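Participant: Please find one structure pasted underneath; my questions will follow.
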Amino acid sequence: MITFEQVTKRYGDQTVAVDGLDLTIASGELTVLVGPSGCGKTTTLRMINRLEPASAGRIAIDDRAIDSLDAMTLRRGIGYVMQHSGLFPHRSVFDNIATVPRLLGWKKPAVQERVHRLIETVGLSPSLATRYPHQLSGGQQQRVGVARALAADPPILLMDEPFAAVDPIVRRRLQDELLDLQARLQKTIVFVTHDIDEAIRLGDRIAIFAVGGRLAQFDTPRNLLAAPADDFVADFLGRDRELKRLALLDVRQAPRMHAPPLVDNDRAVPEAKESTVHDWVVVHDNAGRLLGWRHRGASALQPFTDTVSPTTALDRVLAAALRSPIGVVPVVDDDGCLDGLIGPAELRKALA
Ligand SMILES: Nc1ncnc2c1ncn2[C@@H]1O[C@H](COP(=O)(O)OP(=O)(O)OP(=O)(O)O)[C@@H](O)[C@H]1O
């Protein structure tokens, strides 16, 4: 656990980069620091490994003040990944990753084994080990940067805009890989970005900073999106805040349409018994399996182009509802049975 208590950072020219910060970063979680340019994210990160000394307040790791440790001991337990990978240009990929284990005096076979395992862990091809940084793509360089930071298996990983310099597709892949890695390694990760979408995708918790180094809100992505503390946070989360919230929820968290017009295809239903509220009915067989839909009173059955499952994210359900000719989407469970209908009204209730 990393704790900040009333931490302030004033640079020499009296710029207040961080202002009275109280923050507790839980172990094993991925905490994202996000906010507009110049709001003190990088400074906050660099105070953790004492690359920047705090001007006032206390920073502790597992309740030990970081000032009480010598800088080398402190940094040994903290991996650091920077925006432009920060690789040593004249060292091979292998030697870059081996830097810290060698500093720690590991034996040659142990270093070899560790480096090869890390190359695999971060999804690089073993054949890249002998290349130099300038012979790698931006995404590959970032992977080497992550491998190097993980080399001595530190419990804490600091990442400063690590994916900012790569294109959106590579960025998305690196984000997925980081989530995958984190699920396996359970490090305490502090991740700086100015991209709110990246923060929402990656963060167990997100700290939103405002200009002047003030912490505006600290919470889980879901809670932030559901209840932004003020206009600044709401603005920063974006005008499509509801869509972002839908993306974090799935079909299990939405109600089903009340009294849907369903018809069992195997039982003759008199026209009058069919719904009069809707001009369509959804048809299933007597085992509850979805067959399609038809206009009320008509006989021609139409297939649904989209169905969703209990684990489909609600933003995808909204897209499917917008595409559906009847404005609602059938939920089909793992056994292929119809489990109700969802439309915009149900999505609104899921957000309420
Ligand atoms: N070495 C320094 N000397 C003086 N002022 C600095 C120094 N480093 C940063 N600052 C100032 O401190 C404030 C916070 O900077 P910091 O880099 O922490 O912000 P940031 O949120 O990480 O910004 P960005 O997203 O643009 O990287 C800014 O006003 C910046 O100009």
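Every chain in the structure tokens has a letter given in the order shown (A, B, ...), and although residue numbers restart at 1 in each chain, ligands are simply numbered from 1 in the order shown.
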Mind checking DSSP for stretch 115-330 of chain A and telling me the alpha helix (DSSP H) residues as a ChimeraX atom specification?

Facilitator: /A:115-121,138-150,168-185,196-202,221-226,231-237,241-247,314-323

Participant: Skip A:Leu87 itself and residues of its chain fewer than 6 positions away, then list as a list in words all residues within 7 Å of it, counting only C-alpha atoms.

Facilitator: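 Counting only the stated atoms, we get Asn96, Pro133 and Gly145 of chain A.
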
Participant: Dump C-alpha atoms for the selected residues as an mmCIF file, in the first residue's frame?

Facilitator:
data_model
loop_
_atom_site.group_PDB
_atom_site.id
_atom_site.type_symbol
_atom_site.label_atom_id
_atom_site.label_comp_id
_atom_site.auth_asym_id
_atom_site.auth_seq_id
_atom_site.Cartn_x
_atom_site.Cartn_y
_atom_site.Cartn_z
ATOM 1 C CA ASN A 96 18.515 -3.708 -21.419
ATOM 2 C CA PRO A 133 16.244 -0.368 -29.489
ATOM 3 C CA GLY A 145 10.559 -1.175 -21.232
#

Participant: Would you mind telling me which residue in A:Gln112, A:Thr24, A:Thr43, A:Gln14 lies nearest to ligand 1 when using only C-alpha atoms and all ligand atoms?

Facilitator: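 Distance minimum relative to ligand 1 lands on A:Thr43.
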
Participant: With only C-alpha atoms and all ligand atoms as the atoms that count, which of A:Phe209, A:Phe88, A:Phe163, A:Phe4 lies nearest to ligand 1?

Facilitator: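 For ligand 1, the nearest of the given residues is A:Phe209.
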
Participant: Just want the 12 Å neighbourhood of A:Gln142, counted on only C-alpha atoms, with same-chain residues fewer than 2 positions away dropped. Output as a count of residues only.

Facilitator: 41

Participant: Given only C-alpha atoms and all ligand atoms, how would the per-residue table for chain A near ligand 1 read, listing every residue at most 10 Å away with its closest atom pair and distance in Å to one decimal, sorted by chain and number, as a Markdown table?

Facilitator:
| residue | atom | partner | partner_atom_place_in_ligand_line | distance |
| --- | --- | --- | --- | --- |
| A:Lys9 | CA | ligand 1 | 12 (O) | 8.4 |
| A:Arg10 | CA | ligand 1 | 12 (O) | 7.9 |
| A:Tyr11 | CA | ligand 1 | 4 (C) | 4.8 |
| A:Gly12 | CA | ligand 1 | 4 (C) | 6.2 |
| A:Asp13 | CA | ligand 1 | 4 (C) | 6.1 |
| A:Gln14 | CA | ligand 1 | 4 (C) | 7.8 |
| A:Thr15 | CA | ligand 1 | 5 (N) | 5.7 |
| A:Val16 | CA | ligand 1 | 12 (O) | 6.5 |
| A:Ala17 | CA | ligand 1 | 13 (C) | 4.1 |
| A:Val18 | CA | ligand 1 | 14 (C) | 7.1 |
| A:Leu33 | CA | ligand 1 | 21 (O) | 8.6 |
| A:Val34 | CA | ligand 1 | 21 (O) | 7.6 |
| A:Gly35 | CA | ligand 1 | 21 (O) | 6.4 |
| A:Pro36 | CA | ligand 1 | 25 (O) | 6.0 |
| A:Ser37 | CA | ligand 1 | 26 (O) | 3.6 |
| A:Gly38 | CA | ligand 1 | 23 (O) | 3.5 |
| A:Cys39 | CA | ligand 1 | 21 (O) | 3.8 |
| A:Gly40 | CA | ligand 1 | 18 (O) | 3.2 |
| A:Lys41 | CA | ligand 1 | 21 (O) | 3.9 |
| A:Thr42 | CA | ligand 1 | 22 (O) | 3.6 |
| A:Thr43 | CA | ligand 1 | 18 (O) | 3.7 |
| A:Thr44 | CA | ligand 1 | 18 (O) | 6.4 |
| A:Leu45 | CA | ligand 1 | 18 (O) | 8.1 |
| A:Arg46 | CA | ligand 1 | 18 (O) | 8.4 |
| A:Met47 | CA | ligand 1 | 18 (O) | 9.8 |
| A:Glu52 | CA | ligand 1 | 1 (N) | 8.7 |
| A:Gln83 | CA | ligand 1 | 27 (O) | 9.7 |
| A:Asp160 | CA | ligand 1 | 22 (O) | 8.2 |
| A:Glu161 | CA | ligand 1 | 27 (O) | 8.2 |
| A:Val192 | CA | ligand 1 | 22 (O) | 7.5 |
| A:Thr193 | CA | ligand 1 | 25 (O) | 7.0 |
| A:His194 | CA | ligand 1 | 25 (O) | 5.8 |
| A:Asp195 | CA | ligand 1 | 25 (O) | 9.5 |
| A:Phe209 | CA | ligand 1 | 21 (O) | 7.8 |
| A:Ala210 | CA | ligand 1 | 21 (O) | 8.7 |
| A:Val211 | CA | ligand 1 | 21 (O) | 7.9 |
| A:Gly212 | CA | ligand 1 | 29 (O) | 7.4 |
| A:Gly213 | CA | ligand 1 | 14 (C) | 6.9 |

Participant: Go ahead and write the residues just picked, C-alpha atoms, as a tab-separated table (two decimals), in the first residue's frame.

Facilitator:
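This is the output file part_20.tsv:
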chain	number	residue	atom	x	y	z
A	9	LYS	CA	5.41	19.62	-4.16
A	10	ARG	CA	6.67	23.10	-4.89
A	11	TYR	CA	9.33	23.48	-7.57
A	12	GLY	CA	12.15	26.00	-7.21
A	13	ASP	CA	10.25	28.70	-9.04
A	14	GLN	CA	7.36	28.29	-6.56
A	15	THR	CA	5.17	26.37	-9.04
A	16	VAL	CA	2.84	24.26	-6.90
A	17	ALA	CA	2.75	20.96	-8.82
A	18	VAL	CA	0.96	18.92	-6.15
A	33	LEU	CA	-3.56	9.08	-12.22
A	34	VAL	CA	-5.32	11.10	-14.88
A	35	GLY	CA	-5.94	14.78	-15.56
A	36	PRO	CA	-5.16	17.63	-17.93
A	37	SER	CA	-1.61	18.59	-18.86
A	38	GLY	CA	0.42	20.09	-16.03
A	39	CYS	CA	-1.83	18.94	-13.19
A	40	GLY	CA	0.96	17.11	-11.34
A	41	LYS	CA	0.51	13.47	-12.38
A	42	THR	CA	4.14	12.84	-13.30
A	43	THR	CA	5.37	14.72	-10.25
A	44	THR	CA	3.16	12.55	-8.03
A	45	LEU	CA	4.52	9.40	-9.67
A	46	ARG	CA	8.14	10.51	-9.38
A	47	MET	CA	7.75	11.33	-5.71
A	52	GLU	CA	11.40	14.16	-6.97
A	83	GLN	CA	6.76	7.28	-22.16
A	160	ASP	CA	4.34	7.21	-16.93
A	161	GLU	CA	2.25	7.48	-20.12
A	192	VAL	CA	-0.17	8.00	-15.48
A	193	THR	CA	-2.16	9.02	-18.54
A	194	HIS	CA	-4.06	12.04	-19.81
A	195	ASP	CA	-6.46	9.79	-21.71
A	209	PHE	CA	-6.29	15.58	-10.82
A	210	ALA	CA	-7.21	19.19	-11.56
A	211	VAL	CA	-4.77	21.91	-12.59
A	212	GLY	CA	-2.86	23.19	-9.57
A	213	GLY	CA	-2.12	19.66	-8.37

Participant: Using atom CA of A:Pro303 and atom CA of A:Val251 as the two end points, give the distance in Å to one decimal.

Facilitator: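 Rounded to one decimal, the two atoms are 21.0 Å apart.
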